Each structure stands twice: as C-alpha cells, then as structure tokens.
$ cat data_31.cif   # mmCIF, N, CA and C atoms
data_target
loop_
_atom_site.label_atom_id
_atom_site.label_comp_id
_atom_site.auth_asym_id
_atom_site.auth_seq_id
_atom_site.Cartn_x
_atom_site.Cartn_y
_atom_site.Cartn_z
N MET A 1 0.85 -1.18 0.00
CA MET A 1 0.00 0.00 0.00
C MET A 1 0.89 1.24 0.00
N LEU A 2 0.68 2.08 -0.99
CA LEU A 2 1.38 3.36 -1.06
C LEU A 2 0.41 4.48 -0.69
N VAL A 3 0.85 5.39 0.16
CA VAL A 3 0.00 6.50 0.59
C VAL A 3 0.78 7.80 0.41
N PHE A 4 0.18 8.74 -0.30
CA PHE A 4 0.76 10.07 -0.46
C PHE A 4 -0.20 11.06 0.19
N GLU A 5 0.18 11.55 1.36
CA GLU A 5 -0.68 12.47 2.10
C GLU A 5 -0.45 13.90 1.64
N ASN A 6 -1.46 14.72 1.85
CA ASN A 6 -1.38 16.16 1.57
C ASN A 6 -0.89 16.45 0.15
N THR A 7 -1.50 15.78 -0.83
CA THR A 7 -1.08 16.01 -2.21
C THR A 7 -1.53 17.39 -2.70
N LEU A 8 -2.67 17.89 -2.19
CA LEU A 8 -3.10 19.24 -2.52
C LEU A 8 -4.14 19.72 -1.53
N THR A 9 -4.31 21.04 -1.49
CA THR A 9 -5.31 21.66 -0.64
C THR A 9 -6.02 22.76 -1.43
N ASP A 10 -7.27 22.99 -1.08
CA ASP A 10 -8.05 24.07 -1.71
C ASP A 10 -9.17 24.47 -0.78
N ARG A 11 -9.20 25.73 -0.41
CA ARG A 11 -10.26 26.30 0.43
C ARG A 11 -10.54 25.45 1.66
N GLY A 12 -9.50 24.96 2.26
CA GLY A 12 -9.61 24.18 3.49
C GLY A 12 -9.71 22.68 3.29
N SER A 13 -10.14 22.24 2.11
CA SER A 13 -10.19 20.81 1.84
C SER A 13 -8.78 20.30 1.56
N ARG A 14 -8.50 19.11 2.07
CA ARG A 14 -7.19 18.48 1.86
C ARG A 14 -7.39 17.14 1.17
N TYR A 15 -6.44 16.79 0.33
CA TYR A 15 -6.51 15.55 -0.44
C TYR A 15 -5.28 14.69 -0.22
N ALA A 16 -5.50 13.38 -0.26
CA ALA A 16 -4.43 12.39 -0.25
C ALA A 16 -4.78 11.35 -1.31
N VAL A 17 -3.79 10.60 -1.75
CA VAL A 17 -4.04 9.54 -2.72
C VAL A 17 -3.26 8.30 -2.30
N SER A 18 -3.90 7.14 -2.44
CA SER A 18 -3.31 5.86 -2.04
C SER A 18 -3.58 4.84 -3.13
N GLY A 19 -2.86 3.73 -3.08
CA GLY A 19 -3.13 2.68 -4.03
C GLY A 19 -2.29 1.45 -3.79
N GLY A 20 -2.59 0.42 -4.57
CA GLY A 20 -1.85 -0.81 -4.47
C GLY A 20 -2.46 -1.89 -5.34
N PHE A 21 -1.81 -3.03 -5.40
CA PHE A 21 -2.27 -4.17 -6.19
C PHE A 21 -3.59 -4.67 -5.63
N CYS A 22 -4.54 -4.95 -6.51
CA CYS A 22 -5.87 -5.37 -6.09
C CYS A 22 -6.55 -6.02 -7.29
N THR A 23 -7.20 -7.16 -7.08
CA THR A 23 -7.80 -7.87 -8.22
C THR A 23 -9.31 -8.07 -8.14
N SER A 24 -9.95 -7.65 -7.05
CA SER A 24 -11.39 -7.88 -6.93
C SER A 24 -12.02 -6.84 -6.01
N GLU A 25 -13.34 -6.80 -6.05
CA GLU A 25 -14.06 -5.88 -5.17
C GLU A 25 -13.84 -6.24 -3.71
N ALA A 26 -13.77 -7.53 -3.41
CA ALA A 26 -13.52 -7.97 -2.03
C ALA A 26 -12.15 -7.48 -1.54
N GLU A 27 -11.13 -7.60 -2.41
CA GLU A 27 -9.81 -7.10 -2.05
C GLU A 27 -9.82 -5.58 -1.89
N ALA A 28 -10.62 -4.90 -2.73
CA ALA A 28 -10.73 -3.44 -2.64
C ALA A 28 -11.31 -3.04 -1.29
N LYS A 29 -12.35 -3.75 -0.87
CA LYS A 29 -12.97 -3.44 0.43
C LYS A 29 -11.98 -3.69 1.57
N ALA A 30 -11.18 -4.75 1.45
CA ALA A 30 -10.16 -5.03 2.46
C ALA A 30 -9.09 -3.94 2.45
N PHE A 31 -8.75 -3.43 1.26
CA PHE A 31 -7.77 -2.34 1.14
C PHE A 31 -8.29 -1.09 1.87
N ILE A 32 -9.55 -0.75 1.63
CA ILE A 32 -10.15 0.43 2.27
C ILE A 32 -10.20 0.23 3.78
N LYS A 33 -10.54 -0.97 4.20
CA LYS A 33 -10.59 -1.26 5.64
C LYS A 33 -9.21 -1.08 6.27
N ALA A 34 -8.17 -1.55 5.59
CA ALA A 34 -6.81 -1.38 6.10
C ALA A 34 -6.41 0.09 6.12
N LEU A 35 -6.79 0.84 5.08
CA LEU A 35 -6.47 2.26 5.01
C LEU A 35 -7.14 3.03 6.15
N THR A 36 -8.41 2.70 6.41
CA THR A 36 -9.15 3.44 7.44
C THR A 36 -8.82 2.98 8.86
N ARG A 37 -7.93 2.02 8.99
CA ARG A 37 -7.42 1.69 10.34
C ARG A 37 -6.58 2.85 10.86
N LYS A 38 -6.02 3.62 9.93
CA LYS A 38 -5.31 4.83 10.32
C LYS A 38 -6.37 5.86 10.68
N LYS A 39 -6.33 6.36 11.89
CA LYS A 39 -7.36 7.26 12.40
C LYS A 39 -7.63 8.44 11.46
N LYS A 40 -6.56 8.97 10.90
CA LYS A 40 -6.69 10.12 10.00
C LYS A 40 -7.60 9.80 8.82
N PHE A 41 -7.43 8.62 8.23
CA PHE A 41 -8.22 8.24 7.07
C PHE A 41 -9.64 7.81 7.46
N ALA A 42 -9.77 7.27 8.66
CA ALA A 42 -11.11 6.91 9.15
C ALA A 42 -11.97 8.15 9.34
N LYS A 43 -11.35 9.28 9.68
CA LYS A 43 -12.08 10.52 9.90
C LYS A 43 -12.29 11.34 8.63
N ALA A 44 -11.78 10.86 7.51
CA ALA A 44 -11.92 11.59 6.24
C ALA A 44 -13.39 11.68 5.83
N THR A 45 -13.71 12.72 5.11
CA THR A 45 -15.08 12.90 4.62
C THR A 45 -15.39 11.90 3.52
N HIS A 46 -14.43 11.68 2.62
CA HIS A 46 -14.63 10.77 1.49
C HIS A 46 -13.36 9.96 1.23
N ASN A 47 -13.53 8.66 1.00
CA ASN A 47 -12.47 7.78 0.49
C ASN A 47 -13.03 7.17 -0.80
N THR A 48 -12.87 7.88 -1.90
CA THR A 48 -13.40 7.40 -3.18
C THR A 48 -12.35 6.55 -3.88
N TRP A 49 -12.79 5.55 -4.61
CA TRP A 49 -11.82 4.67 -5.25
C TRP A 49 -12.34 4.08 -6.55
N GLY A 50 -11.38 3.61 -7.35
CA GLY A 50 -11.68 2.95 -8.60
C GLY A 50 -10.70 1.81 -8.82
N LEU A 51 -11.16 0.81 -9.54
CA LEU A 51 -10.36 -0.39 -9.80
C LEU A 51 -10.83 -1.03 -11.10
N LEU A 52 -9.90 -1.35 -11.98
CA LEU A 52 -10.22 -2.09 -13.20
C LEU A 52 -9.77 -3.53 -13.00
N THR A 53 -10.74 -4.45 -12.97
CA THR A 53 -10.42 -5.87 -12.80
C THR A 53 -10.64 -6.59 -14.12
N GLU A 54 -10.28 -7.85 -14.15
CA GLU A 54 -10.52 -8.67 -15.35
C GLU A 54 -12.01 -8.81 -15.60
N ASN A 55 -12.82 -8.69 -14.54
CA ASN A 55 -14.28 -8.81 -14.66
C ASN A 55 -14.97 -7.49 -14.92
N GLY A 56 -14.20 -6.41 -15.05
CA GLY A 56 -14.79 -5.11 -15.31
C GLY A 56 -14.45 -4.09 -14.24
N PRO A 57 -14.96 -2.88 -14.41
CA PRO A 57 -14.64 -1.81 -13.47
C PRO A 57 -15.45 -1.91 -12.18
N VAL A 58 -14.82 -1.47 -11.09
CA VAL A 58 -15.48 -1.41 -9.79
C VAL A 58 -15.10 -0.06 -9.18
N LYS A 59 -16.08 0.60 -8.55
CA LYS A 59 -15.80 1.91 -7.96
C LYS A 59 -16.69 2.14 -6.76
N ASN A 60 -16.32 3.15 -5.97
CA ASN A 60 -17.16 3.60 -4.86
C ASN A 60 -16.92 5.09 -4.70
N ASP A 61 -17.99 5.87 -4.78
CA ASP A 61 -17.89 7.32 -4.66
C ASP A 61 -17.81 7.79 -3.21
N ASP A 62 -18.27 6.99 -2.27
CA ASP A 62 -18.25 7.33 -0.85
C ASP A 62 -18.81 8.74 -0.61
N GLY A 63 -19.93 9.05 -1.27
CA GLY A 63 -20.60 10.32 -1.05
C GLY A 63 -20.10 11.46 -1.92
N GLU A 64 -19.03 11.27 -2.65
CA GLU A 64 -18.48 12.30 -3.55
C GLU A 64 -18.90 11.92 -4.96
N SER A 65 -20.19 12.13 -5.29
CA SER A 65 -20.77 11.60 -6.51
C SER A 65 -19.96 11.96 -7.75
N GLY A 66 -19.68 10.94 -8.54
CA GLY A 66 -18.95 11.10 -9.79
C GLY A 66 -17.44 10.91 -9.67
N ALA A 67 -16.90 10.96 -8.46
CA ALA A 67 -15.45 10.87 -8.29
C ALA A 67 -14.91 9.49 -8.69
N GLY A 68 -15.66 8.44 -8.40
CA GLY A 68 -15.23 7.10 -8.77
C GLY A 68 -15.09 6.95 -10.29
N ASN A 69 -16.02 7.57 -11.03
CA ASN A 69 -15.94 7.52 -12.49
C ASN A 69 -14.71 8.26 -13.01
N VAL A 70 -14.36 9.37 -12.37
CA VAL A 70 -13.15 10.11 -12.77
C VAL A 70 -11.93 9.22 -12.60
N ILE A 71 -11.86 8.53 -11.48
CA ILE A 71 -10.72 7.64 -11.21
C ILE A 71 -10.68 6.51 -12.25
N LEU A 72 -11.83 5.90 -12.53
CA LEU A 72 -11.89 4.81 -13.51
C LEU A 72 -11.43 5.27 -14.89
N ARG A 73 -11.88 6.44 -15.33
CA ARG A 73 -11.47 6.95 -16.66
C ARG A 73 -9.95 7.11 -16.73
N MET A 74 -9.36 7.61 -15.65
CA MET A 74 -7.92 7.82 -15.66
C MET A 74 -7.17 6.49 -15.65
N LEU A 75 -7.69 5.50 -14.92
CA LEU A 75 -7.07 4.18 -14.92
C LEU A 75 -7.17 3.53 -16.30
N GLU A 76 -8.32 3.72 -16.97
CA GLU A 76 -8.49 3.18 -18.31
C GLU A 76 -7.49 3.81 -19.28
N ARG A 77 -7.35 5.14 -19.20
CA ARG A 77 -6.40 5.83 -20.09
C ARG A 77 -4.97 5.36 -19.85
N ALA A 78 -4.65 5.09 -18.58
CA ALA A 78 -3.29 4.65 -18.24
C ALA A 78 -3.10 3.16 -18.52
N GLY A 79 -4.20 2.44 -18.78
CA GLY A 79 -4.13 1.00 -19.02
C GLY A 79 -3.75 0.23 -17.77
N LEU A 80 -4.14 0.75 -16.63
CA LEU A 80 -3.75 0.15 -15.35
C LEU A 80 -4.86 -0.74 -14.81
N LYS A 81 -4.63 -2.05 -14.84
CA LYS A 81 -5.60 -3.02 -14.32
C LYS A 81 -5.06 -3.65 -13.05
N ASN A 82 -5.99 -4.15 -12.25
CA ASN A 82 -5.67 -4.85 -11.00
C ASN A 82 -4.84 -3.97 -10.05
N HIS A 83 -5.22 -2.70 -9.99
CA HIS A 83 -4.53 -1.74 -9.12
C HIS A 83 -5.57 -0.73 -8.65
N ILE A 84 -5.82 -0.69 -7.34
CA ILE A 84 -6.79 0.25 -6.79
C ILE A 84 -6.12 1.60 -6.57
N VAL A 85 -6.87 2.66 -6.84
CA VAL A 85 -6.43 4.02 -6.51
C VAL A 85 -7.54 4.66 -5.68
N VAL A 86 -7.17 5.20 -4.52
CA VAL A 86 -8.10 5.81 -3.58
C VAL A 86 -7.75 7.28 -3.43
N VAL A 87 -8.73 8.15 -3.63
CA VAL A 87 -8.53 9.58 -3.38
C VAL A 87 -9.32 9.93 -2.12
N THR A 88 -8.61 10.44 -1.13
CA THR A 88 -9.21 10.78 0.16
C THR A 88 -9.36 12.29 0.24
N ARG A 89 -10.52 12.74 0.73
CA ARG A 89 -10.75 14.17 0.91
C ARG A 89 -11.25 14.43 2.32
N TRP A 90 -10.64 15.43 2.93
CA TRP A 90 -11.12 15.97 4.20
C TRP A 90 -11.77 17.30 3.86
N TYR A 91 -13.08 17.39 4.05
CA TYR A 91 -13.84 18.58 3.69
C TYR A 91 -13.41 19.77 4.54
N GLY A 92 -13.20 20.89 3.89
CA GLY A 92 -12.69 22.08 4.58
C GLY A 92 -13.73 23.13 4.90
N GLY A 93 -15.01 22.84 4.65
CA GLY A 93 -16.05 23.79 5.03
C GLY A 93 -16.60 24.64 3.90
N LYS A 94 -15.96 24.59 2.73
CA LYS A 94 -16.45 25.37 1.58
C LYS A 94 -16.64 24.44 0.40
N HIS A 95 -17.78 24.61 -0.29
CA HIS A 95 -18.06 23.78 -1.46
C HIS A 95 -17.09 24.14 -2.58
N LEU A 96 -16.58 23.12 -3.26
CA LEU A 96 -15.60 23.34 -4.32
C LEU A 96 -16.22 23.26 -5.71
N GLY A 97 -17.47 22.85 -5.80
CA GLY A 97 -18.12 22.74 -7.11
C GLY A 97 -17.36 21.78 -8.01
N GLY A 98 -17.23 22.15 -9.28
CA GLY A 98 -16.54 21.31 -10.26
C GLY A 98 -15.05 21.17 -10.01
N ASP A 99 -14.49 22.08 -9.19
CA ASP A 99 -13.06 21.98 -8.88
C ASP A 99 -12.72 20.66 -8.20
N ARG A 100 -13.68 20.07 -7.50
CA ARG A 100 -13.37 18.82 -6.79
C ARG A 100 -12.99 17.71 -7.76
N PHE A 101 -13.57 17.72 -8.97
CA PHE A 101 -13.22 16.72 -9.96
C PHE A 101 -11.82 16.95 -10.51
N ARG A 102 -11.45 18.20 -10.69
CA ARG A 102 -10.08 18.52 -11.12
C ARG A 102 -9.08 18.07 -10.05
N HIS A 103 -9.46 18.21 -8.80
CA HIS A 103 -8.57 17.81 -7.71
C HIS A 103 -8.43 16.28 -7.66
N VAL A 104 -9.51 15.56 -7.91
CA VAL A 104 -9.43 14.10 -7.97
C VAL A 104 -8.50 13.70 -9.11
N GLN A 105 -8.65 14.34 -10.27
CA GLN A 105 -7.76 14.06 -11.41
C GLN A 105 -6.31 14.35 -11.05
N SER A 106 -6.07 15.48 -10.41
CA SER A 106 -4.70 15.84 -10.03
C SER A 106 -4.11 14.83 -9.07
N ALA A 107 -4.92 14.36 -8.12
CA ALA A 107 -4.43 13.38 -7.15
C ALA A 107 -4.08 12.06 -7.84
N VAL A 108 -4.95 11.60 -8.73
CA VAL A 108 -4.68 10.35 -9.45
C VAL A 108 -3.45 10.51 -10.34
N ARG A 109 -3.34 11.65 -11.03
CA ARG A 109 -2.17 11.90 -11.88
C ARG A 109 -0.89 11.88 -11.03
N TYR A 110 -0.95 12.50 -9.86
CA TYR A 110 0.20 12.50 -8.95
C TYR A 110 0.59 11.07 -8.59
N TYR A 111 -0.41 10.25 -8.25
CA TYR A 111 -0.15 8.85 -7.90
C TYR A 111 0.51 8.11 -9.06
N LEU A 112 -0.05 8.26 -10.24
CA LEU A 112 0.50 7.55 -11.41
C LEU A 112 1.91 8.02 -11.72
N ASP A 113 2.17 9.31 -11.58
CA ASP A 113 3.51 9.83 -11.83
C ASP A 113 4.53 9.35 -10.79
N GLN A 114 4.11 9.30 -9.54
CA GLN A 114 5.01 8.92 -8.46
C GLN A 114 5.32 7.43 -8.43
N THR A 115 4.36 6.63 -8.84
CA THR A 115 4.53 5.17 -8.73
C THR A 115 5.07 4.54 -9.99
N ASP A 116 4.93 5.23 -11.12
CA ASP A 116 5.43 4.69 -12.39
C ASP A 116 4.82 3.32 -12.70
N VAL A 117 3.53 3.17 -12.41
CA VAL A 117 2.86 1.88 -12.68
C VAL A 117 2.25 1.87 -14.06
#
$ encode --input "data_31.cif" --output "structure tokens"
Amino acid sequence: MLVFENTLTDRGSRYAVSGGFCTSEAEAKAFIKALTRKKKFAKATHNTWGLLTENGPVKNDDGESGAGNVILRMLERAGLKNHIVVVTRWYGGKHLGGDRFRHVQSAVRYYLDQTDV
C-alpha cells in the first residue's frame, strides 16, 4: 500500500491519494478497511476509489458523486488493471463545485507519476 498524504489543498479541503495491487471488489474493500485503520483516514469525509479488474470496473464514490468515475477513466487511459487508486478528501467547510473533480484528477495523476505503474 502506497500512501501520499497532503497532495493538494483548496479552500480548506485536503486531499491524499493511495493505491496498491488489487484484483477484486472484495480485495478493494479489504484495502479500504486497512487504510481506514489509520485514524486520520477513518475521519476523512470521502475515500473514493476505482479499480479495473478482469471482470470489469469497480468503484465507490463514498458520497463524492462522480469521483469514482473520474478515477476509472484515468485508470483506463493509463491502461492500469488490478490496481486500486483511492482519493481521500477531508472537507474544509467550503463547497468546491466542479473543482473537486479537477482535484481528484490531479491526485490520481500525482499517484500515477510517483509510482510509475
């Protein structure tokens, strides 16, 4: 499991991105469970994730509607299968509107650039 904390901030909201090898929805849920064992991530407002498996795409928006689809599109473009990417957001008190999707993209791009997967 790779975790990059504080990848970006905007109007009080903070973002982190995590990921690792994963081949099924069950493994993805176990990954999220392990991530949220860290108190900081358990208290996050959203832990959105996407995963491309041999059986198709799997995602969870965790209340940040549309964020899982953003992650899936980026994984498809990168050709990255069997690897979960989780974007974590701590809400800062101000609505970000469409900027939140740009931030999810930036976090996933950061992860892909840092991990060279």
$ residues_around --input "data_31.cif" --residues "region 96-99 of chain A" --least-positions-apart "5" --cutoff "8 Å" --atoms "all atoms listed in the file" --output "list in words"
Asp10, Arg11, Val104 and Gln105 of chain A
$ closest_residue --input "data_31.cif" --among "A:Ala26, A:Ala44, A:Ala16, A:Met1" --to "Val87 (chain A)" --atoms "all atoms listed in the file"
A:Ala16
$ atom_distance --input "data_31.cif" --atom1 "atom N of His103 (chain A)" --atom2 "atom N of Gly56 (chain A)"
25.8 Å
$ closest_atom_pairs --input "data_31.cif" --of "region 32-73 of chain A" --to "region 81-85 of chain A" --cutoff "6 Å" --atoms "all atoms listed in the file" --output "CSV"
residue,atom,partner,partner_atom,distance
A:Thr48,C,A:Val85,C,5.5
A:Trp49,CA,A:Val85,C,4.3
A:Gly50,N,A:Val85,C,4.3
A:Leu51,CA,A:Ile84,CA,4.7
A:Leu52,C,A:Asn82,N,3.9
A:Thr53,CA,A:Asn82,N,4.8
A:Glu54,N,A:Asn82,N,6.0
$ write_last_selection --input "data_31.cif" --atoms "N, CA and C atoms" --output "mmCIF file, in the coordinates of the input"
data_model
loop_
_atom_site.group_PDB
_atom_site.id
_atom_site.type_symbol
_atom_site.label_atom_id
_atom_site.label_comp_id
_atom_site.auth_asym_id
_atom_site.auth_seq_id
_atom_site.Cartn_x
_atom_site.Cartn_y
_atom_site.Cartn_z
ATOM 1 N N THR A 48 -12.870 7.880 -1.900
ATOM 2 C CA THR A 48 -13.400 7.400 -3.180
ATOM 3 C C THR A 48 -12.350 6.550 -3.880
ATOM 4 N N TRP A 49 -12.790 5.550 -4.610
ATOM 5 C CA TRP A 49 -11.820 4.670 -5.250
ATOM 6 C C TRP A 49 -12.340 4.080 -6.550
ATOM 7 N N GLY A 50 -11.380 3.610 -7.350
ATOM 8 C CA GLY A 50 -11.680 2.950 -8.600
ATOM 9 C C GLY A 50 -10.700 1.810 -8.820
ATOM 10 N N LEU A 51 -11.160 0.810 -9.540
ATOM 11 C CA LEU A 51 -10.360 -0.390 -9.800
ATOM 12 C C LEU A 51 -10.830 -1.030 -11.100
ATOM 13 N N LEU A 52 -9.900 -1.350 -11.980
ATOM 14 C CA LEU A 52 -10.220 -2.090 -13.200
ATOM 15 C C LEU A 52 -9.770 -3.530 -13.000
ATOM 16 N N THR A 53 -10.740 -4.450 -12.970
ATOM 17 C CA THR A 53 -10.420 -5.870 -12.800
ATOM 18 C C THR A 53 -10.640 -6.590 -14.120
ATOM 19 N N GLU A 54 -10.280 -7.850 -14.150
ATOM 20 C CA GLU A 54 -10.520 -8.670 -15.350
ATOM 21 C C GLU A 54 -12.010 -8.810 -15.600
#
$ resolve_selection --input "data_31.cif" --expression "the PyMOL selection byres (((chain A and resi 114 and name CA) around 12) and name CA)" --output "PyMOL selection string"
chain A and resi 2-4+7+17-19+107-113+115-117
$ atom_distance --input "data_31.cif" --atom1 "CA of Leu8 (chain A)" --atom2 "CA of Thr88 (chain A)"
10.8 Å
$ select_by_dssp --input "data_31.cif" --residues "chain A" --states "strand (DSSP E)" --output "ChimeraX atom specification"
/A:2-10,13-21,46-53,56-60,83-90
$ select_by_dssp --input "data_31.cif" --residues "chain A" --states "helix (DSSP H, G or I)" --output "PyMOL selection string"
chain A and resi 25-35+39-42+67-78+99-115
$ resolve_selection --input "data_31.cif" --expression "the PyMOL selection byres ((chain A and resi 92-94) around 6)" --output "list in words"
Arg11, Gly12, Ser13, Arg14, Trp90, Tyr91, His95 and Leu96 of chain A
$ resolve_selection --input "data_31.cif" --expression "the PyMOL selection byres ((chain A and resi 72) around 8)" --output "list in words"
Trp49, Gly50, Leu51, Leu52, Pro57, Val58, Lys59, Ala67, Gly68, Asn69, Val70, Ile71, Arg73, Met74, Leu75, Glu76, Arg77 and Ala78 of chain A
$ closest_residue --input "data_31.cif" --among "A:Arg89, A:Ser65, A:Arg102, A:Glu5" --to "His46 (chain A)" --atoms "all atoms listed in the file"
A:Arg89
$ atom_distance --input "data_31.cif" --atom1 "CA of Ile32 (chain A)" --atom2 "atom N of Asn55 (chain A)"
19.3 Å
$ axis_aligned_box --input "data_31.cif" --around "region 76-94 of chain A" --padding-each-side "8 Å" --output "JSON"
{"center_x": -9.9, "center_y": 10.3, "center_z": -7.5, "size_x": 29.5, "size_y": 46.2, "size_z": 41.1}
